[in-house]
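A short write-up of the structure that comes next.
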Amino acid sequence: MIRRLFPQPWLTVTLILTWMLLVNGTKLGSLVLAAALGILIPLLTKAYWPGKPRVHNMPALLAYVALVIWDILVANIVVARIILFRRPDQIRSAFIAVPINLTTPEGIAVLSATITLTPGTVTADMSACGRVLLIHALHAPDPAAVRDEIKSRYEARLQRIFG
Amino acid sequence: MTIALIAVLPFVGAVFPGLMIRAGRNACAIVTGLVTLTALILLASQAPAVLRGEVVHSRIAWLPGIGLNADFMLDGLGLLFAGLILTIGLLVILYARFYLAARDAMGQFFTFLMLFQGAMLGIVLSNNILLLLVFWELTSLSSFLLIGFWKHLPESRQGARMALVVTGSGGLAMIAGLLILGNIAGSYDLDVILSQREAIQASDAYLPALILILIGAFTKSAQFPFHFWLPQAMAAPTPVSAYLHSATMVKAGIFLMARLWPVLAGTDAWFYIVATTGLVTMVLGAVIGLFKHDLKALLAYSTISQLGLITMLLGFGTVPAATAAMFHIVNHATFKAALFMSAGIIDHAAHTRDIRRLGGLRKAMPVTFAVAGIAALAMAGIPPLNGFLSKEMMLEEAAHTVWGGNPWVLPALATVGALFSVAYSLRLIAHVFLRRAQPTAGTQPHDPGLGLMFGPALLSALVVAIGLLPMATAAWLVDASASAVTGTAVTVKIAHWHGFGSVALWLSALAIAGGAAALFGFPRLLRLWDATSRPDAKHLFDVAMAGAVRAARRVTDGAHDGTVTRFLAIATVVIVGSGVWAFRSGTHSPGLRTATSVEPVAVIGWLVLMTATVALLFHHRSRLFALMLVGIIGLIVSVGFAYLSAPDLAMTQVTVEVVTVLLLLLALNFLPKTTPDESTSGRRLRDAAIAAVAGAGSAALIYALMMRDFAFPTIAAYHLENAKALGGGTNVVNVILVDFRGYDTFGEITVLGIAALVIFALTEMILSAGPANDRLMALKPNRGDAGDRHPLLFVVVTRMILPLALMVGVFIFLRGHNLPGGGFIAGLIVSIALLMQYMASGFGWTAARKRIEYHALIGAGLLIAGLAGIGSWVFGAPFLSSAYTYVDLWPLETFELATAAIFDLGVFLTVLGAVMLALASLSRLAVRSGEDINRAPYDAPLQER
Amino acid sequence: MNHWIIAPVILPAVLAPLIVLLMRNHLGPQRAVGLAGTAALLCVAVGLMILAGKGDPQVYHLGGWPAPFGIVLVLDRLAALMLVLTAALALIVQVYATVTGWDKRGQHFHALFLFQQMGLNGAFLTGDAFNLFVFFEVLLIASYGLMIHAGGRQRLRAGVQYVAFNLLGSTLFLFALATVYSVTGTLNMADLGVKVAALPEGDFALIRVAAVLLLLVFAIKGALVPLHFWLPATYANAPAPVAALFAVMTKVGLYATLRFGTLVFPPQTPATGSMPGDLLLPAGLITLIVGAAGVLGAGTFSRLSAFAAIASMGTAFVAVSIFTVPATAAALYYVIHSTLAIAALFLVCDLVSRQRDGDSLRHALPPMARGGMIAALYLVTAIAVAGLPPLSGFLGKLMILQAGRDSAALIWTVILVTSLVVIVGLSRAGSVMFWKAHEASADNRPRAVSEWPAVACVTVLLLLLAALSVFGQPVLEYTTATAAQLYDTAPYIAANALGEQVAP
Amino acid sequence: MTALVDILIALFLITGGLFGLIGSFGLWKLRIPMQRLHAPTKASTMGVGTVLVASMLDSWIVHGQFSFQEILILVFIFLTAPVSALYLAKVHLHLTVKRSDVPPTGSGSDWATYVTDDERPGV
Amino acid sequence: MIMHAVQFAIGCFGIGLILTLARALWAATIADRILALDTMVVNVIALVILYGILSGNGVNFEVSILFAMTGFVSTVAFCKYLLRGNIIE
Amino acid sequence: MTRPCRKGDTVEALIALAVGLMTAAGIYLMLRQRTFPVILGLALLSYAVNLFIFASGRLLRNAPPILTPGVTAYSDPLTQALVLTAIVISFAMTALIVIMALGAWLETGDDRIDMDPDP
Ligand code: NA
Ligand code: NA
């Protein structure tokens, strides 16, 4: 019953949060409406989200987000430096194949997004079987190191989160 | 009412032949005849009064607003003509019964004939010139139908058309003439008009009216130079020739001249135009007639000539001449109808009408010989037959008429005309009957039965009777009609002998002798005739016609050749030109508004916009790039809206923009990817010039408008003032959309809904069997295209965005009344979110999960919007009246409940349904073109848990 | 406020979505509801006509908002007349489309048909300039759908042209409306009448621009040369019943011209003066000439019919351009006539071409089954179209000639000469289609199709024309009263109750 | 305090502006198409993010009212940027990158972009 | 000070806007054009937000979020068109 | 915000020029021979006219017609509402002409907008 009413409880929470962001306030009335929408909308859209993504470790997810934000901040400066100061012919770009162990679509998606958002790398493609990501690194004199960092710094954490 | 009844009876009777033809040809003819007979009897019942000098009237108001009434009158002139029409009509019906072949559609024939009869009676009985016009044109029409009766013959069709064109155009001229006449007289009633001779002849408009009316009369009565249609009309069945083209219809012009004689005649203009035309026609017709080998053509030219004679008499403008004209009308009707019918008999019997192949019929067809011989002698004006009497009168009048100060011209030429009349009449008798049978003649001809013979025989008998006893048989009718024409009591004295002092006698003798001599020397004359080149009126007509048609085709095929780009160019030039003209022809005071200062950021945006627009002009042939540039332009325009205090506009613009781009991309998938470079530089220059002028015009206009203040306080002030208090919202734009001008929005979403329906219908059409579908099936899309239709990352992100976007949609919808947003933008946002879903996971997968038909969304949306409007009726308020209230409902804070929100919901649903239906329809085309339907949301083989 | 005034818009606006919502896959109910809807519209229109005949214009304040701030509908004699004309024609044409099966050759015919009527009725009723634009668009977009109904290559390509041309027209309309608003600050037509008349002289140039642009918009709709180019391809390629219905569409342009020319830019208004008439007269005359030439030169019957439609618009606009009560009365009479006559012509065209593979006039096609009957219908229709007596076309032209006597030399010459050209064109066409056909071999058996219901529809149209002729006087009286009402703008403006609160 | 906050906000704004400029500048500076992909997906995103934070701070501290809506924009941009980048990269792979420059997957199946419809199993 | 910073940022993003437009017009590959377009939208969003700070009203927030949403959709659509021809398959 | 400006230095002038250029470009594209550029041209024309309508209500910066206590100056809400209506309608029309052009192309394999003359 509860499962049927809340097919994706985290989505419901997110939506309620979103609504509060939208209306820019915390009035009770808004909360009631937000709750109603938070229940209604997942019911409407659940057909388009057939799998049941399960987050095993919520704190780990939050920690992951914090990590990524930090990485974005730091690495942006790196990229800015490359763009501004490095001579074009000194930029060592490379395609890197990164085999992955993640199996859930959400996990893979988050990993791909992370790779793109953290500066210096872009997820360029995935193998047809879904087990290898193609990464393009803006400046990677040592491609293997990049691959290893992705696997250790992000994928390992995500495996803990999405299982 | 009897008079009106007489005119109406044939029209009623026109219905019967068509119906009775199933009962047999006899029944058909009898009914037709009975109707005519009834009308004749009715006419006879009125005759005594008319002969006493009374004018019988019947009046029915029809369109008094324009002076057109069904007013009829019967006077002597009418009696003469109506009598002719009905009497000869009766004989023609009898004749036609036996003349028409079994394969001819007799019912149709008699129907047309009765239509004609009614129209003709209408002309002669009208007491209203507009009514007369009505009947006048009807005779042209029915004549057209009757000439074209043998529709398989090209000459019938051509003859019919020519007759229609000539008499029709005359009729149109006459409309103008009669309208002018009516304007001068202040009435279209003949009574009134005929009493205003002085006013009419003194008017400046007299001459144009006269000329226009005469064009009508001359065309109808085949007067030179409009005579050429009549010989062509001989393609009609002979009863038609006898009836319309000799006895009655061609005399309509004569009738009109006679009818208006009291007010139009008597001026120099009248004399010189009418008498001269008549004279020329008489001579010319007679000369040409002599050399015609087709029996009916000879008769046609003789008719032209005789009509010329009558016209000339009317043109003299004197009472005796008019009287003679009346008498000749009667005589001509009798002998010419008899001759035409005889010609038809000969044609039937000998299977040819070619005089050169005829001969010796005196023995083979003695009765016909007698009948036709008498009629032809009358036509020649041989005493004591009736033709002699009237021709004598004509020569007498001609002899006393001075033309252009010269007393000889008229009598001389009239005698020439008479001479040739004698010649062709004698030729007819001699060549057809008297000379030996020609070797080329095929079958053995013989006299027909009584059915065919009765009509001509009776007419020939009349020829003789009138000839012998004119005072007893015809004088009363001539008196009555001549009195009616001239407006003075006429008592005619018709005699065979006026003594040797009569000029006419000598002229007559001269004509007969000369005619006989001409016949004697005919072969030599014929050679001479054949050797002279002369303008052929028919040929000239055909050339003119062909030229007109060619010119017309230049209009249809040349100017309207489907080159819409030229049409648009013309339209643009006209629009800009008119606008400039309108501006320059009015006073303009420059605006005094303070301009808005500009900030650098605005200049940057403006530069981007201008650059992108110019770039679009140069790169438009690369379609994808062009689309991107349009996207940039749209983006900047919407930022501009935001910058200039129009957030609602910005939101609408940008969302509509992206949907449009998606739509165009979907279409571009099938269309060519580039536009070929096919304009010449000249053309590009032309288009650029047009575009530049249009652009300059619009820029100047908006600048002039922006820089001035409104001339009056705007209605928008009211909207700003009352949006909150009366409309319950603070977003005034939204309050206008759903309330002040909700009706506009209602129409607008209807447009959107219809567009989607049409797109759907068109998709169905393309997908159903046909060349489009074949082309679709033949397309092999995606060969060599990249793989990965549905990348996993996109799919997962879309899953997260969809609920968020729905949330945003609801938010935008709910707050729209007070802050930027509303049903329309919300509908677009939700559409875009759904479209994203389609793009991410594909058509098949997404459509399979769709719960509601988009059709239903549109229908429901429009209905909800409509019903929200209708709902106000319950409260006695007008359509789309709104109400709002504040509701306190724990635990919610006070919120507003407005009926306008229901209307906005309708807007939302319609927009959503329409956008989705439109794009889904386009996607279906791609599915049809051989795409496989995806069953998984993404291509990577991962397991969803 | 009388709610019936809005019924001609609401009824189709509700029925059409209902059809889409509930019966989009069932032709039978579609037909039933569609026809019933149109019949009901006719009844409503007749009722409104009676209502309008009783006196001054009646105003419907939408949403209860006072004019000029909200949108109003105004029912006057002219509006009522156009409503009745539209509904009557629509009913006949819709029955024709149903009995001939035209309606099942594509999707959504009846819904679009109702929407088309909604657009037309809305345009005739509205008293608001921008709302006129909106309903122009409603009727246009429905017409796009109807025009390409049943598909086909030529039809689609012609459809694209039609839409493209009209999009230019719609854009122009917006330019014009923005200019109008920008000068006067109002959109209500009655208010515009008041404001334009009171404009300071410095605004004359700009309002003249607006007036001209508006006239051009209406000229596009009314197919006035040189803005008529969209019409031949559109009408000739549209399904015949649709083309027949379109006969009333061009009249929207004429209606709007009349409305604006009498209410907003009447001859006595200083800013625009006689400008509308000065522009319309030559345009109308040239239109008439082009239309007539087209009738003579057309290569197919359908194109001939299209050019006949253009010619009829020319004639009507000539009458409108005179801007006097008798001339306008004549114009309106002629509008009724020409709408029915042109519609009949297109239906006859359909009767002809459905038995043959085409409707060429350049070479003869085999004879038709019941060719005599069809020929007779053609004959009567041609008489009507050519303006020959005794049918109403002749009477209408007589009225126009009488009303145009002040510039007789020009108007009369053009009208009469073009009449002749049209007569020639129609007689040539008829001769080829019905007479020359018998020259062709008879063993070419025509397709046997049951035509009686279709023939009956055409006959009804022709009977209406006959009635228009026989009862010319009462009709002329109505149109005269209508014209008089148009030129007496005070009651119209008063009925709008500008600036006053609306009594519920 | 206010001055400090002002400085902070100004710092955010200046940083944002610079990042935004660098992102757009990278489009011109970088030579190889795939390299150019990095500039805007990072720097511009970063730039607009910083500006959004500044805006939030501004309305919170300067105008005294919370404005969280910016977070939503931020979330949206960060959610979508990887997808845009992925698609752009795929376009490069498909149209400009030499096949030989891309390393093998090492997993038996090719990169998804290179698997045409004909080769895809189950089609 | 904030206002000056805002003006500075506006200047940066403004120049960025011009740079991206120029890139869209003169691009080596079609993907570069799309990329430039995408970046342009981001710049525009920044400008809208900055202008909001400058003028002190927040109504343009919704405009920004719509720009973000539509910019994304068009970028993906253009790419998908280039990759597959059909953007909804 | 307003100060006396030179003629070429005003938002009004910029808007007028933008309207003019977009109109011109729209017309130029509308006169091309293929359906696609014609459609683009019509779209551009509709941008131009939307801006025209909008500007015809006069320009006012930082004055969105959202009623706010204490604020008295608002930009003209009516023209904005009119533009909204016009945008929607022109979207509907564009969508329709796009699919019609596509249908014509599929039917005939020809995307020229000019037709061959009738027989
Ligand atoms: Na809104
Ligand atoms: Na139209």
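The way I read the labels, and the way they are meant: chains A, B, ... in the order of the structure tokens, residue 1 as the first residue of every chain, and ligand 1 as the first ligand shown, with later ones counted on from there.
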
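Where the distance criterion is 9 Å and the atoms used are only C-alpha atoms and all ligand atoms, the residues close to ligand 2 are Phe136, Leu139, Leu140, Ser143, Tyr162, Asn166, Ile220, Lys221, Gly222, Ala223, Trp230, Leu231, Phe246, Met249, Thr250, Lys251, Val252 and Gly253 of chain C.
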
Could you write out that same residue set with N, CA, C and O atoms as a JSON list (two decimals), in the first residue's frame?
[["chain", "number", "residue", "atom", "x", "y", "z"],
["C", 136, "PHE", "N", -10.32, 35.51, -37.55],
["C", 136, "PHE", "CA", -9.77, 35.29, -38.89],
["C", 136, "PHE", "C", -8.86, 34.07, -38.86],
["C", 136, "PHE", "O", -8.89, 33.22, -39.76],
["C", 139, "LEU", "N", -10.82, 30.82, -38.57],
["C", 139, "LEU", "CA", -11.43, 30.38, -39.82],
["C", 139, "LEU", "C", -10.36, 29.99, -40.83],
["C", 139, "LEU", "O", -10.55, 29.06, -41.63],
["C", 140, "LEU", "N", -9.22, 30.67, -40.77],
["C", 140, "LEU", "CA", -8.16, 30.32, -41.72],
["C", 140, "LEU", "C", -7.60, 28.95, -41.42],
["C", 140, "LEU", "O", -7.45, 28.12, -42.33],
["C", 143, "SER", "N", -9.77, 26.40, -42.43],
["C", 143, "SER", "CA", -9.81, 26.31, -43.89],
["C", 143, "SER", "C", -8.58, 25.60, -44.44],
["C", 143, "SER", "O", -8.66, 24.89, -45.43],
["C", 162, "TYR", "N", -1.21, 28.46, -50.14],
["C", 162, "TYR", "CA", -2.34, 29.13, -49.50],
["C", 162, "TYR", "C", -1.95, 29.58, -48.09],
["C", 162, "TYR", "O", -2.18, 30.73, -47.69],
["C", 166, "ASN", "N", -1.39, 33.43, -46.73],
["C", 166, "ASN", "CA", -2.22, 33.94, -45.65],
["C", 166, "ASN", "C", -1.42, 34.27, -44.41],
["C", 166, "ASN", "O", -1.83, 35.12, -43.61],
["C", 220, "ILE", "N", -6.77, 40.97, -49.14],
["C", 220, "ILE", "CA", -6.24, 39.62, -49.32],
["C", 220, "ILE", "C", -7.35, 38.61, -49.11],
["C", 220, "ILE", "O", -7.57, 37.71, -49.92],
["C", 221, "LYS", "N", -8.08, 38.77, -48.02],
["C", 221, "LYS", "CA", -9.17, 37.84, -47.74],
["C", 221, "LYS", "C", -10.21, 37.90, -48.84],
["C", 221, "LYS", "O", -10.76, 36.88, -49.25],
["C", 222, "GLY", "N", -10.47, 39.11, -49.30],
["C", 222, "GLY", "CA", -11.51, 39.29, -50.31],
["C", 222, "GLY", "C", -11.00, 39.07, -51.72],
["C", 222, "GLY", "O", -11.74, 39.28, -52.67],
["C", 223, "ALA", "N", -9.75, 38.66, -51.86],
["C", 223, "ALA", "CA", -9.18, 38.34, -53.17],
["C", 223, "ALA", "C", -9.24, 39.50, -54.14],
["C", 223, "ALA", "O", -9.60, 39.36, -55.30],
["C", 230, "TRP", "N", -3.60, 34.09, -54.32],
["C", 230, "TRP", "CA", -3.74, 32.84, -53.59],
["C", 230, "TRP", "C", -4.98, 32.07, -54.01],
["C", 230, "TRP", "O", -5.06, 30.86, -53.85],
["C", 231, "LEU", "N", -5.95, 32.79, -54.54],
["C", 231, "LEU", "CA", -7.27, 32.16, -54.69],
["C", 231, "LEU", "C", -7.35, 31.08, -55.76],
["C", 231, "LEU", "O", -7.85, 29.99, -55.49],
["C", 246, "PHE", "N", -15.91, 27.88, -49.23],
["C", 246, "PHE", "CA", -15.00, 29.02, -49.29],
["C", 246, "PHE", "C", -15.65, 30.22, -49.97],
["C", 246, "PHE", "O", -15.16, 31.34, -49.85],
["C", 249, "MET", "N", -16.03, 32.57, -47.55],
["C", 249, "MET", "CA", -14.82, 33.04, -46.86],
["C", 249, "MET", "C", -14.33, 34.37, -47.41],
["C", 249, "MET", "O", -13.91, 35.25, -46.64],
["C", 250, "THR", "N", -14.34, 34.47, -48.72],
["C", 250, "THR", "CA", -13.90, 35.72, -49.30],
["C", 250, "THR", "C", -14.81, 36.86, -48.83],
["C", 250, "THR", "O", -14.38, 38.01, -48.76],
["C", 251, "LYS", "N", -16.04, 36.51, -48.52],
["C", 251, "LYS", "CA", -16.99, 37.54, -48.09],
["C", 251, "LYS", "C", -16.61, 38.11, -46.74],
["C", 251, "LYS", "O", -17.05, 39.21, -46.38],
["C", 252, "VAL", "N", -15.80, 37.37, -45.99],
["C", 252, "VAL", "CA", -15.34, 37.91, -44.71],
["C", 252, "VAL", "C", -14.52, 39.17, -44.96],
["C", 252, "VAL", "O", -14.64, 40.16, -44.24],
["C", 253, "GLY", "N", -13.69, 39.10, -46.00],
["C", 253, "GLY", "CA", -12.90, 40.28, -46.33],
["C", 253, "GLY", "C", -13.79, 41.45, -46.69],
["C", 253, "GLY", "O", -13.57, 42.58, -46.26]]

Skipping near chain neighbours, those fewer than 3 positions away, what residues fall within 10 Å of Ser84 of chain D using only C-alpha atoms, listed as an mmCIF file with N, CA, C and O atoms, in the first residue's frame?
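Result saved to around.cif:
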data_model
loop_
_atom_site.group_PDB
_atom_site.id
_atom_site.type_symbol
_atom_site.label_atom_id
_atom_site.label_comp_id
_atom_site.auth_asym_id
_atom_site.auth_seq_id
_atom_site.Cartn_x
_atom_site.Cartn_y
_atom_site.Cartn_z
ATOM 1 N N THR A 116 32.111 14.080 -16.286
ATOM 2 C CA THR A 116 31.987 15.272 -17.120
ATOM 3 C C THR A 116 32.086 16.547 -16.296
ATOM 4 O O THR A 116 32.715 17.521 -16.707
ATOM 5 N N PHE B 794 21.405 10.013 -20.812
ATOM 6 C CA PHE B 794 20.271 10.870 -21.165
ATOM 7 C C PHE B 794 18.985 10.314 -20.557
ATOM 8 O O PHE B 794 18.172 11.047 -19.982
ATOM 9 N N LEU D 37 35.330 21.111 -26.275
ATOM 10 C CA LEU D 37 34.175 20.657 -25.510
ATOM 11 C C LEU D 37 34.366 20.920 -24.013
ATOM 12 O O LEU D 37 33.394 21.132 -23.291
ATOM 13 N N THR D 41 31.672 23.426 -21.016
ATOM 14 C CA THR D 41 30.959 22.528 -20.107
ATOM 15 C C THR D 41 31.469 22.690 -18.690
ATOM 16 O O THR D 41 30.768 22.362 -17.750
ATOM 17 N N LEU D 79 22.593 19.042 -13.826
ATOM 18 C CA LEU D 79 21.986 17.779 -14.248
ATOM 19 C C LEU D 79 22.111 17.604 -15.757
ATOM 20 O O LEU D 79 22.313 16.498 -16.264
ATOM 21 N N THR D 80 21.974 18.689 -16.483
ATOM 22 C CA THR D 80 21.888 18.559 -17.941
ATOM 23 C C THR D 80 23.239 18.696 -18.628
ATOM 24 O O THR D 80 23.428 18.158 -19.719
ATOM 25 N N ALA D 81 24.165 19.418 -18.024
ATOM 26 C CA ALA D 81 25.443 19.663 -18.701
ATOM 27 C C ALA D 81 26.123 18.364 -19.139
ATOM 28 O O ALA D 81 26.628 18.292 -20.274
ATOM 29 N N TYR D 87 26.447 14.221 -25.712
ATOM 30 C CA TYR D 87 25.930 14.267 -27.082
ATOM 31 C C TYR D 87 26.904 14.966 -28.012
ATOM 32 O O TYR D 87 27.138 14.521 -29.132
ATOM 33 N N LEU D 88 27.492 16.048 -27.510
ATOM 34 C CA LEU D 88 28.456 16.754 -28.363
ATOM 35 C C LEU D 88 29.659 15.873 -28.653
ATOM 36 O O LEU D 88 30.161 15.827 -29.782
ATOM 37 N N ALA D 89 30.088 15.157 -27.638
ATOM 38 C CA ALA D 89 31.208 14.254 -27.854
ATOM 39 C C ALA D 89 30.848 13.190 -28.885
ATOM 40 O O ALA D 89 31.648 12.839 -29.761
ATOM 41 N N LYS D 90 29.641 12.678 -28.780
ATOM 42 C CA LYS D 90 29.208 11.668 -29.745
ATOM 43 C C LYS D 90 29.203 12.240 -31.165
ATOM 44 O O LYS D 90 29.587 11.557 -32.118
ATOM 45 N N ILE E 34 26.992 23.886 -32.329
ATOM 46 C CA ILE E 34 26.033 23.513 -31.282
ATOM 47 C C ILE E 34 26.607 23.852 -29.910
ATOM 48 O O ILE E 34 25.907 24.381 -29.044
ATOM 49 N N LEU E 35 27.857 23.559 -29.769
ATOM 50 C CA LEU E 35 28.517 23.857 -28.505
ATOM 51 C C LEU E 35 28.442 25.356 -28.213
ATOM 52 O O LEU E 35 28.131 25.773 -27.091
ATOM 53 N N ASP E 38 25.030 26.233 -27.129
ATOM 54 C CA ASP E 38 24.791 25.781 -25.760
ATOM 55 C C ASP E 38 25.428 26.764 -24.780
ATOM 56 O O ASP E 38 24.800 27.178 -23.803
ATOM 57 N N GLY E 71 17.381 25.383 -23.607
ATOM 58 C CA GLY E 71 18.722 25.309 -24.173
ATOM 59 C C GLY E 71 19.205 23.871 -24.219
ATOM 60 O O GLY E 71 19.751 23.412 -25.231
ATOM 61 N N PHE E 72 18.977 23.189 -23.141
ATOM 62 C CA PHE E 72 19.371 21.789 -23.088
ATOM 63 C C PHE E 72 18.661 20.968 -24.161
ATOM 64 O O PHE E 72 19.282 20.205 -24.911
ATOM 65 N N VAL E 73 17.363 21.154 -24.229
ATOM 66 C CA VAL E 73 16.595 20.360 -25.197
ATOM 67 C C VAL E 73 17.066 20.641 -26.617
ATOM 68 O O VAL E 73 17.251 19.723 -27.420
ATOM 69 N N SER E 74 17.338 21.902 -26.920
ATOM 70 C CA SER E 74 17.734 22.136 -28.316
ATOM 71 C C SER E 74 19.136 21.599 -28.585
ATOM 72 O O SER E 74 19.390 21.074 -29.665
ATOM 73 N N THR E 75 20.017 21.703 -27.615
ATOM 74 C CA THR E 75 21.355 21.128 -27.827
ATOM 75 C C THR E 75 21.254 19.632 -28.133
ATOM 76 O O THR E 75 21.821 19.132 -29.114
ATOM 77 N N VAL E 76 20.521 18.946 -27.281
ATOM 78 C CA VAL E 76 20.380 17.506 -27.485
ATOM 79 C C VAL E 76 19.718 17.222 -28.823
ATOM 80 O O VAL E 76 20.124 16.314 -29.569
ATOM 81 N N ALA E 77 18.696 18.027 -29.146
ATOM 82 C CA ALA E 77 17.976 17.770 -30.396
ATOM 83 C C ALA E 77 18.895 17.949 -31.597
ATOM 84 O O ALA E 77 18.904 17.116 -32.509
ATOM 85 N N CYS E 79 22.130 17.678 -31.694
ATOM 86 C CA CYS E 79 23.088 16.573 -31.735
ATOM 87 C C CYS E 79 22.430 15.300 -32.239
ATOM 88 O O CYS E 79 22.965 14.577 -33.082
#

Contact set, chain B to chain D: 6 Å, only C-alpha atoms, as a short mmCIF file (atom, residue, chain, number, x, y, z; two decimals) with N, CA and C atoms, in the first residue's frame:
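Dumped to selection17.cif:
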data_model
loop_
_atom_site.label_atom_id
_atom_site.label_comp_id
_atom_site.auth_asym_id
_atom_site.auth_seq_id
_atom_site.Cartn_x
_atom_site.Cartn_y
_atom_site.Cartn_z
N ALA B 786 25.08 7.21 -36.71
CA ALA B 786 25.68 6.75 -35.47
C ALA B 786 24.72 5.81 -34.75
N GLY B 787 25.31 5.00 -33.88
CA GLY B 787 24.46 4.11 -33.12
C GLY B 787 23.98 4.79 -31.85
N ASP B 788 23.56 3.97 -30.90
CA ASP B 788 23.15 4.47 -29.60
C ASP B 788 21.99 5.45 -29.71
N PHE B 794 21.40 10.01 -20.81
CA PHE B 794 20.27 10.87 -21.16
C PHE B 794 18.98 10.31 -20.56
#

Would you mind reading off the distance between atom CA of Thr763 of chain B and atom CA of Leu925 of chain B, one decimal, in Å?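 Computed distance, atom CA of Thr763 of chain B to atom CA of Leu925 of chain B, equals 7.3 Å.
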
Counting only C-alpha atoms and all ligand atoms, name the residues that have an atom within 8 Å of an atom of ligand 1; the answer should be given as a list in words.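 These are the residues that qualify: Asp648, Asn731, Val733, Asn734, Val735, Leu737, Gly816, His817, Leu819, Pro820, Gly821, Gly822, Gly823, Phe824 and Ile825 of chain B.
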